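Listing of protein14.csv, CSV, C-alpha atoms and all ligand atoms
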```
chain,number,residue,atom,x,y,z
A,131,MET,CA,4.2,-16.4,11.1
A,132,ILE,CA,3.3,-12.9,12.3
A,133,ASP,CA,5.2,-10.7,9.8
A,134,LEU,CA,6.0,-7.3,11.2
A,135,ARG,CA,8.9,-6.5,8.9
A,136,SER,CA,7.1,-4.0,6.8
A,137,ASP,CA,3.6,-2.8,5.9
A,138,THR,CA,4.5,-3.8,2.4
A,139,CYS,CA,3.8,-7.4,3.6
A,140,SER,CA,0.1,-6.6,3.6
A,141,ARG,CA,-2.0,-8.9,1.3
A,142,PRO,CA,-4.9,-8.0,-0.9
A,143,THR,CA,-8.2,-8.9,0.7
A,144,PRO,CA,-10.8,-11.1,-1.2
A,145,GLU,CA,-12.9,-8.0,-1.9
A,146,MET,CA,-9.8,-6.2,-3.3
A,147,ARG,CA,-9.0,-9.2,-5.5
A,148,THR,CA,-12.6,-9.2,-6.8
A,149,ALA,CA,-12.3,-5.5,-7.6
A,150,MET,CA,-9.0,-6.2,-9.4
A,151,ALA,CA,-10.4,-9.2,-11.3
A,152,GLU,CA,-13.4,-7.1,-12.5
A,153,ALA,CA,-11.4,-3.9,-13.4
A,154,GLU,CA,-12.0,-2.3,-16.7
A,155,VAL,CA,-8.6,-1.9,-18.5
A,156,GLY,CA,-6.9,-0.4,-21.5
A,157,ASP,CA,-3.4,0.5,-22.6
A,158,ASP,CA,-2.1,3.0,-20.1
A,159,VAL,CA,0.8,4.1,-22.3
A,160,TYR,CA,-1.9,5.4,-24.8
A,161,GLY,CA,-3.8,6.9,-21.8
A,162,ASP,CA,-6.6,4.4,-22.4
A,163,ASP,CA,-6.8,2.6,-19.1
A,164,PRO,CA,-10.0,3.8,-17.3
A,165,SER,CA,-9.1,2.3,-13.9
A,166,VAL,CA,-5.7,4.0,-14.0
A,167,LYS,CA,-7.4,7.3,-15.0
A,168,ALA,CA,-9.9,6.9,-12.2
A,169,LEU,CA,-7.1,6.3,-9.6
A,170,GLU,CA,-5.2,9.3,-10.9
A,171,VAL,CA,-8.3,11.6,-10.7
A,172,ARG,CA,-9.2,10.3,-7.2
A,173,THR,CA,-5.6,10.7,-5.9
A,174,ALA,CA,-5.2,14.2,-7.3
A,175,GLU,CA,-8.5,15.2,-5.7
A,176,LEU,CA,-7.5,13.8,-2.3
A,177,LEU,CA,-4.2,15.7,-2.4
A,178,GLY,CA,-5.8,18.9,-3.7
A,179,LYS,CA,-3.6,18.9,-6.9
A,180,GLU,CA,-4.5,19.3,-10.6
A,181,ASP,CA,-3.1,16.0,-11.8
A,182,ALA,CA,-1.5,12.7,-10.8
A,183,VAL,CA,0.5,9.9,-12.6
A,184,TYR,CA,0.4,6.3,-11.5
A,185,MET,CA,3.7,4.3,-11.4
A,186,PRO,CA,4.9,0.9,-10.2
A,187,THR,CA,6.8,2.0,-7.1
A,188,GLY,CA,7.3,4.8,-4.6
A,189,THR,CA,11.0,4.8,-5.5
A,190,MET,CA,10.0,5.5,-9.1
A,191,THR,CA,7.6,8.4,-8.2
A,192,ASN,CA,10.3,9.9,-6.0
A,193,GLN,CA,13.0,9.6,-8.6
A,194,VAL,CA,10.8,10.8,-11.4
A,195,ALA,CA,10.0,13.8,-9.2
A,196,VAL,CA,13.7,14.5,-8.7
A,197,ARG,CA,14.4,14.2,-12.4
A,198,THR,CA,11.4,16.4,-13.3
A,199,HIS,CA,12.5,19.2,-11.0
A,200,THR,CA,16.2,19.3,-11.7
A,201,GLU,CA,19.0,19.2,-14.2
A,202,PRO,CA,22.4,17.4,-13.6
A,203,GLY,CA,24.5,19.4,-11.2
A,204,ASP,CA,21.6,20.9,-9.3
A,205,VAL,CA,21.7,20.8,-5.5
A,206,VAL,CA,19.0,18.9,-3.6
A,207,LEU,CA,18.5,19.3,0.1
A,208,LEU,CA,17.3,16.3,2.1
A,209,ASP,CA,17.3,14.9,5.6
A,210,GLN,CA,20.4,12.8,6.3
A,211,ALA,CA,18.1,9.7,6.7
A,212,ALA,CA,15.7,10.4,3.8
A,213,HIS,CA,14.4,7.5,1.9
A,214,VAL,CA,15.1,9.3,-1.4
A,215,TYR,CA,18.7,9.7,-0.4
A,216,LEU,CA,19.5,6.6,1.6
A,217,LEU,CA,17.2,3.8,0.5
A,218,GLU,CA,16.8,4.2,-3.2
A,219,ASN,CA,20.2,2.8,-4.3
A,220,GLY,CA,21.8,6.1,-5.2
A,221,ALA,CA,19.1,6.6,-7.9
A,222,SER,CA,19.1,10.5,-7.8
A,223,SER,CA,22.9,10.5,-8.4
A,224,ALA,CA,22.7,7.8,-11.1
A,225,PHE,CA,19.6,9.1,-13.0
A,226,SER,CA,19.4,12.8,-12.3
A,227,GLY,CA,23.1,13.6,-11.6
A,228,VAL,CA,22.1,15.9,-8.7
A,229,LEU,CA,24.3,16.8,-5.7
A,230,PRO,CA,22.5,15.8,-2.5
A,231,ARG,CA,23.3,18.0,0.6
A,232,LEU,CA,22.1,16.6,3.9
A,233,LEU,CA,20.3,18.3,6.7
A,234,PRO,CA,20.7,17.2,10.4
A,235,GLY,CA,17.0,16.2,11.0
A,236,VAL,CA,15.9,14.8,14.3
A,237,ARG,CA,13.8,11.7,13.6
A,238,GLY,CA,13.7,13.0,10.0
A,239,ILE,CA,12.4,16.4,10.9
A,240,PHE,CA,14.6,19.5,10.2
A,241,SER,CA,13.9,23.2,10.5
A,242,ALA,CA,13.9,26.3,8.3
A,243,ARG,CA,17.0,27.3,10.2
A,244,ASP,CA,18.8,24.2,9.0
A,245,VAL,CA,17.8,25.0,5.4
A,246,GLU,CA,18.9,28.6,5.7
A,247,THR,CA,22.5,27.4,6.2
A,248,PHE,CA,22.5,26.2,2.6
A,249,LEU,CA,20.8,29.3,1.1
A,250,ALA,CA,23.8,31.6,1.5
A,251,PRO,CA,24.2,34.0,-1.4
A,252,MET,CA,26.3,32.4,-4.2
A,253,HIS,CA,30.0,33.3,-4.2
A,254,HIS,CA,31.6,33.6,-7.6
A,255,PHE,CA,34.6,31.5,-6.3
A,256,PHE,CA,32.4,28.5,-6.0
A,257,PRO,CA,30.7,26.5,-8.8
A,258,PRO,CA,26.9,26.8,-8.3
A,259,THR,CA,26.7,23.3,-7.2
A,260,ILE,CA,28.8,24.0,-4.1
A,261,SER,CA,27.2,27.0,-2.5
A,262,GLY,CA,23.8,27.0,-4.3
A,263,PRO,CA,21.4,27.7,-5.6
A,264,VAL,CA,19.3,25.0,-4.1
A,265,ARG,CA,17.0,23.7,-6.7
A,266,LEU,CA,14.9,21.2,-4.8
A,267,ILE,CA,14.1,20.5,-1.1
A,268,CYS,CA,12.7,17.1,-0.2
A,269,LEU,CA,10.7,16.3,2.9
A,270,GLU,CA,9.4,12.9,4.1
A,271,ASN,CA,6.1,12.6,6.0
A,272,THR,CA,5.7,10.3,7.9
A,273,HIS,CA,9.4,9.6,8.2
A,274,ASN,CA,10.5,6.0,7.8
A,275,ILE,CA,13.9,5.9,9.5
A,276,GLY,CA,12.6,8.5,11.9
A,277,GLY,CA,10.2,5.8,13.2
A,278,GLY,CA,6.9,7.0,11.5
A,279,SER,CA,7.4,10.5,12.9
A,280,ILE,CA,5.0,13.2,11.7
A,281,TRP,CA,6.1,16.6,10.4
A,282,PRO,CA,4.3,19.5,12.2
A,283,LEU,CA,2.3,21.5,9.6
A,284,GLU,CA,3.9,24.8,10.8
A,285,ALA,CA,7.4,23.4,10.3
A,286,ILE,CA,6.5,22.3,6.8
A,287,ARG,CA,5.1,25.8,6.0
A,288,ASP,CA,8.3,27.5,7.4
A,289,VAL,CA,10.6,25.3,5.3
A,290,ALA,CA,8.4,25.8,2.2
A,291,GLU,CA,8.1,29.5,2.5
A,292,LEU,CA,11.9,29.9,2.9
A,293,GLY,CA,12.7,27.5,0.1
A,294,THR,CA,10.2,29.1,-2.3
A,295,ALA,CA,11.5,32.6,-1.5
A,296,HIS,CA,14.9,31.3,-2.6
A,297,GLY,CA,13.6,29.8,-5.9
A,298,ALA,CA,13.6,26.2,-4.8
A,299,VAL,CA,10.8,23.7,-5.5
A,300,LEU,CA,9.5,21.3,-2.9
A,301,HIS,CA,8.8,17.6,-3.1
A,302,LEU,CA,7.2,15.5,-0.4
A,303,ASP,CA,7.9,11.8,-0.1
A,304,GLY,CA,4.5,11.0,1.3
A,305,ALA,CA,4.7,7.2,1.0
A,306,ARG,CA,2.9,7.2,4.4
A,307,LEU,CA,1.3,10.6,4.3
A,308,TRP,CA,-2.0,8.8,4.8
A,309,HIS,CA,-0.8,7.9,8.3
A,310,ALA,CA,0.0,11.5,9.2
A,311,THR,CA,-3.6,12.4,8.3
A,312,ALA,CA,-5.0,9.4,10.2
A,313,ALA,CA,-3.1,10.5,13.3
A,314,THR,CA,-3.5,14.3,13.2
A,315,GLY,CA,-6.8,14.8,11.3
A,316,ILE,CA,-5.0,17.3,9.1
A,317,ALA,CA,-6.1,16.5,5.5
A,318,GLU,CA,-3.6,15.2,3.0
A,319,ALA,CA,-4.4,18.2,0.8
A,320,ASP,CA,-3.4,20.6,3.7
A,321,TYR,CA,-0.1,18.9,4.0
A,322,ALA,CA,0.3,18.8,0.2
A,323,ALA,CA,-0.4,22.5,-0.3
A,324,SER,CA,3.2,23.4,0.6
A,325,PHE,CA,4.7,21.2,-2.1
A,326,ASP,CA,5.1,21.2,-5.9
A,327,THR,CA,4.9,17.4,-6.0
A,328,VAL,CA,3.9,14.7,-3.6
A,329,SER,CA,4.5,11.0,-3.9
A,330,VAL,CA,2.1,8.6,-2.2
A,331,CYS,CA,2.2,4.8,-1.9
A,332,PHE,CA,-0.8,2.4,-2.1
A,333,SER,CA,1.3,-0.7,-1.4
A,334,LYS,CA,2.1,-0.1,2.3
A,335,GLY,CA,-0.5,0.5,5.0
A,336,LEU,CA,-3.2,0.9,2.5
A,337,GLY,CA,-2.7,-2.8,1.6
A,338,ALA,CA,-2.9,-2.6,-2.3
A,339,PRO,CA,-0.4,-5.0,-4.0
A,340,VAL,CA,1.4,-2.4,-6.2
A,341,GLY,CA,1.9,1.2,-7.0
A,342,SER,CA,2.3,4.8,-6.2
A,343,CYS,CA,1.1,8.2,-7.5
A,344,LEU,CA,3.0,11.4,-8.1
A,345,VAL,CA,0.7,14.5,-7.9
A,346,GLY,CA,1.2,18.1,-8.8
A,347,SER,CA,0.2,20.7,-11.3
A,348,LYS,CA,-0.9,19.7,-14.8
A,349,GLU,CA,2.3,21.1,-16.2
A,350,VAL,CA,4.6,19.3,-13.8
A,351,ILE,CA,2.8,16.0,-14.2
A,352,ALA,CA,3.0,16.3,-18.0
A,353,ARG,CA,6.8,16.6,-17.6
A,354,ALA,CA,6.8,13.7,-15.1
A,355,ARG,CA,5.0,11.5,-17.6
A,356,ARG,CA,7.9,11.9,-20.0
A,357,PHE,CA,10.4,10.7,-17.4
A,358,LYS,CA,8.1,7.9,-16.2
A,359,GLN,CA,8.3,6.6,-19.8
A,360,GLN,CA,12.1,7.3,-20.1
A,361,PHE,CA,12.8,5.4,-16.9
A,362,GLY,CA,10.9,2.4,-18.3
A,363,GLY,CA,7.8,2.8,-16.3
A,364,GLY,CA,5.2,2.9,-19.1
A,365,PHE,CA,2.9,0.0,-18.2
A,366,ARG,CA,0.0,-1.3,-20.2
A,367,GLN,CA,-3.2,-2.8,-18.7
A,368,ALA,CA,-2.2,-1.4,-15.3
A,369,GLY,CA,-5.9,-1.0,-14.4
A,370,ILE,CA,-5.7,-4.5,-12.8
A,371,ILE,CA,-3.5,-3.1,-10.1
A,372,ALA,CA,-4.9,0.4,-10.1
A,373,ALA,CA,-8.3,-1.1,-9.1
A,374,GLY,CA,-6.6,-2.6,-6.0
A,375,ALA,CA,-5.3,0.9,-5.1
A,376,LEU,CA,-8.7,2.5,-5.7
A,377,HIS,CA,-10.3,-0.2,-3.5
A,378,ALA,CA,-7.7,0.6,-0.8
A,379,LEU,CA,-8.4,4.3,-0.9
A,380,GLU,CA,-12.1,3.7,-0.4
A,381,HIS,CA,-12.1,0.9,2.1
A,382,HIS,CA,-8.7,0.9,3.9
A,383,HIS,CA,-7.9,4.6,4.1
A,384,PRO,CA,-10.5,5.2,6.8
A,385,ARG,CA,-9.1,2.3,9.0
A,386,LEU,CA,-5.5,3.3,9.3
A,387,HIS,CA,-5.9,4.5,12.9
A,388,GLU,CA,-6.3,0.8,13.8
A,389,THR,CA,-2.6,0.3,12.8
A,390,HIS,CA,-1.6,3.2,15.1
A,391,ASP,CA,-3.6,1.8,18.0
A,392,ASN,CA,-1.8,-1.6,17.5
A,393,ALA,CA,1.6,0.0,17.2
A,394,ARG,CA,1.0,1.9,20.5
A,395,ARG,CA,-0.3,-1.3,22.2
A,396,PHE,CA,2.8,-3.1,21.1
A,397,ALA,CA,5.2,-0.4,22.2
A,398,GLU,CA,3.6,-0.2,25.6
A,399,GLY,CA,3.9,-4.0,25.9
A,400,LEU,CA,7.6,-3.8,24.9
A,401,ALA,CA,8.3,-1.1,27.4
A,402,ALA,CA,7.5,-3.5,30.2
A,403,LEU,CA,10.0,-6.1,29.0
A,404,PRO,CA,13.6,-6.3,30.3
A,405,GLN,CA,16.5,-5.6,27.9
A,406,ILE,CA,14.3,-3.4,25.6
A,407,GLU,CA,14.6,0.3,25.4
A,408,ILE,CA,11.7,2.2,24.0
A,409,ASP,CA,9.7,5.4,24.7
A,410,PRO,CA,6.1,4.5,23.6
A,411,GLY,CA,5.5,8.3,23.5
A,412,THR,CA,7.6,8.4,20.3
A,413,VAL,CA,5.3,6.0,18.5
A,414,GLU,CA,3.1,8.4,16.5
A,415,THR,CA,1.9,6.2,13.7
A,416,ASN,CA,2.3,2.5,12.5
A,417,ILE,CA,6.1,2.1,12.8
A,418,VAL,CA,7.8,1.0,16.1
A,419,ARG,CA,11.6,1.2,16.5
A,420,PHE,CA,13.3,-0.1,19.6
A,421,GLN,CA,16.8,-0.8,21.0
A,422,LEU,CA,18.1,-3.9,22.7
A,423,THR,CA,20.5,-3.8,25.6
A,424,GLY,CA,23.0,-6.6,25.9
A,425,ILE,CA,21.5,-8.6,23.1
A,426,ASP,CA,22.5,-8.6,19.4
A,427,ALA,CA,19.7,-7.6,17.2
A,428,GLY,CA,20.5,-10.3,14.7
A,429,ASP,CA,20.3,-13.0,17.3
A,430,PHE,CA,17.1,-11.6,18.8
A,431,VAL,CA,15.4,-11.4,15.4
A,432,GLU,CA,16.4,-14.9,14.5
A,433,GLU,CA,15.2,-16.3,17.8
A,434,ALA,CA,11.8,-14.6,17.5
A,435,TYR,CA,11.6,-15.8,13.9
A,436,ARG,CA,12.0,-19.4,15.0
A,437,ARG,CA,9.1,-18.8,17.4
A,438,GLY,CA,6.8,-17.1,14.8
A,439,VAL,CA,7.5,-13.4,14.7
A,440,HIS,CA,9.3,-11.8,11.8
A,441,MET,CA,11.0,-8.4,12.5
A,442,LEU,CA,13.7,-6.4,10.8
A,443,PRO,CA,17.1,-5.8,12.6
A,444,SER,CA,18.3,-2.2,12.1
A,445,GLY,CA,22.0,-1.9,13.0
A,446,ARG,CA,23.6,-3.9,15.8
A,447,ASP,CA,21.0,-3.3,18.5
A,448,GLY,CA,18.0,-1.8,16.8
A,449,VAL,CA,14.8,-3.4,15.6
A,450,ARG,CA,12.0,-2.1,13.3
A,451,VAL,CA,8.4,-3.3,13.4
A,452,VAL,CA,5.6,-2.0,11.2
A,453,PHE,CA,1.9,-2.5,11.6
A,454,TYR,CA,-0.8,-2.9,8.9
A,455,LEU,CA,-4.4,-3.9,8.7
A,456,ASP,CA,-3.7,-7.7,8.4
A,457,ILE,CA,-2.2,-7.5,12.0
A,458,GLN,CA,-4.9,-7.2,14.6
A,459,VAL,CA,-4.9,-7.2,18.5
A,460,PRO,CA,-4.6,-11.0,19.0
A,461,GLN,CA,-1.5,-11.0,16.8
A,462,VAL,CA,-0.1,-8.0,18.6
A,463,ASP,CA,-0.4,-9.8,21.9
A,464,GLU,CA,0.9,-13.0,20.6
A,465,ALA,CA,3.9,-11.2,19.2
A,466,LEU,CA,4.6,-9.7,22.6
A,467,SER,CA,4.4,-13.0,24.2
A,468,ILE,CA,6.8,-14.6,21.7
A,469,ILE,CA,9.2,-11.7,22.2
A,470,GLU,CA,9.2,-12.2,25.9
A,471,LYS,CA,10.0,-15.9,25.5
A,472,SER,CA,12.7,-15.0,23.0
A,473,LEU,CA,14.4,-12.6,25.4
A,474,LYS,CA,14.3,-15.3,28.2
A,475,ALA,CA,15.8,-17.8,25.8
A,476,LEU,CA,18.7,-15.5,24.9
A,477,VAL,CA,19.9,-14.6,28.5
B,1,LIG,C1,8.7,2.4,0.9
B,1,LIG,C2,9.1,3.9,0.8
B,1,LIG,C3,9.3,4.4,-0.5
B,1,LIG,C4,9.4,3.6,-1.7
B,1,LIG,O1,8.4,2.8,-2.0
B,1,LIG,P1,8.6,1.5,-3.0
B,1,LIG,O2,7.3,1.3,-3.5
B,1,LIG,O3,9.0,0.4,-2.0
B,1,LIG,O4,9.6,1.8,-4.0
B,1,LIG,C5,9.6,5.8,-0.5
B,1,LIG,N1,9.6,6.5,0.6
B,1,LIG,C6,9.4,6.0,1.8
B,1,LIG,C7,9.4,6.9,3.0
B,1,LIG,C8,9.1,4.7,2.0
B,1,LIG,O5,8.9,4.2,3.2
```

Encoded form (structure tokens):
Amino acid sequence: MIDLRSDTCSRPTPEMRTAMAEAEVGDDVYGDDPSVKALEVRTAELLGKEDAVYMPTGTMTNQVAVRTHTEPGDVVLLDQAAHVYLLENGASSAFSGVLPRLLPGVRGIFSARDVETFLAPMHHFFPPTISGPVRLICLENTHNIGGGSIWPLEAIRDVAELGTAHGAVLHLDGARLWHATAATGIAEADYAASFDTVSVCFSKGLGAPVGSCLVGSKEVIARARRFKQQFGGGFRQAGIIAAGALHALEHHHPRLHETHDNARRFAEGLAALPQIEIDPGTVETNIVRFQLTGIDAGDFVEEAYRRGVHMLPSGRDGVRVVFYLDIQVPQVDEALSIIEKSLKALV
């Protein structure tokens, strides 16, 4: 089975498993796990921040960030298709009691102008939660539902400058920030410089089995550690998994461009097939989203699955495919051939 549902379907390599088996460990809740500490130091350094805290998931690092920056009733601005808003089971409303207000992003990317609309001076008729002040602005780079789209650095800086001038703090959901860097050559730290906190995932394209880090200033991360514990995320000999993440940073991080080349190859192959709508020019990183014409996405995905390719339907006629290091050129070409046969079988 060629599993293209998500880059979270990556498996640890034998070398990664060895690194994990041999990891030095301690009790992380007491701050005693040397592998967790090493991962936090390395991640903070890569992102150009003072400190980092390792957690089980990217959902948790995002939600701990929201809780760290806000109090119940605060306004949070997000893109209408943000992972933090749409794909985390309503967590920021449940755990932080914040009021999300949505921006009309295009492929997940909005502008300072969009943000400005929400920064109107507070009117005394309105409770502060209706017209402001905006406490937190969240961006996502690369953008998942946007199809792996990359935020231009200038657009990030414009939003950050405006937000900061109005007293808002900024969080970046950088689950796939590594991919923005691999595609543009702009260092993670340069992207991160505009944000108070950044969340990054090791369990996606990087291919580690578990975990994410939240990075920021010493002060902000100290507060985040309190909420990590409060949300039930204090884990013990986590060095076993942190060692996998460290291995991924060292050995897989430099190879992510391979996943972009394969995504592009796949998109170009798809563009030549009937009943598929895709603009390969929109494929910037490792995610490919395409539309079907005259075929139900559920039927298509089922037919392809029977033949050996696993994809994710997205709505009635959309499909999502994600590349990672386990999938190489021969699998890309085989997947295209299976898709071609599946389309023929369905007409
Ligand atoms: C996957 C993902 C997350 C959450 O990561 P989990 O580890 O699955 O909780 C957050 N943000 C984005 C953009 C993602 O794609």

Pick the closest to A:Val155 from A:Gly337, A:Pro404, A:Pro230, A:Gly369: which is it, counting all atoms listed in the file? A:Gly369

Nearest to A:Phe332, chosen from A:Lys179, A:Arg141, A:His213, A:His387, with all atoms listed in the file counted in the distances: A:Arg141

Between atom CA of A:Arg265 and atom CA of A:Val171, what is the distance in Å, rounded to a tenth?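 Distance between the two atoms: 28.3 Å.
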
Give the residues close to ligand LIG 1 (chain B), within 6 Å, counting all atoms listed in the file; write them as a ChimeraX atom specification. /A:187-189,213,273-274,303,305

Distance of atom CA of A:Phe420 from atom CA of A:Asp244, expressed in Å to one decimal place: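 Between these atoms lies a distance of 27.1 Å.
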
Using all atoms listed in the file - which residues lie no farther than 10 Å from the point (5.4, 21.1, 10.6) in the file's frame? Write them as a list in words.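 Within the cut-off we find Ile239, Phe240, Ser241, Asn271, Ile280, Trp281, Pro282, Leu283, Glu284, Ala285, Ile286, Arg287, Asp288, Val289 and Tyr321 of chain A.
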
Using all atoms listed in the file, the shortest atom-to-atom distance to A:Tyr160 among A:Asp447, A:Val462, A:Arg355, A:Arg395 belongs to A:Arg355

Expressed in Å to a single decimal, how great is the separation between atom CA of A:Leu176 and atom CA of A:Gln210?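 Result for atom CA of A:Leu176 versus atom CA of A:Gln210: 29.2 Å, one decimal.
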
Just the residues within 9 Å of A:Asp320, please, counting all atoms listed in the file, with nothing from its chain fewer than 4 positions along; format it as an NGL selection string. :A and (177-178 or 283 or 316 or 324)

Taking (12.4, 15.6, -15.2) in the file's coordinates, which residues come within 6 Å, counting only C-alpha atoms, written as a ChimeraX atom specification? /A:197-199,354,357

Taking only C-alpha atoms into account, which of A:Pro144, A:Gly227, A:Pro186, A:Gly293 comes nearest A:Val330? A:Pro186
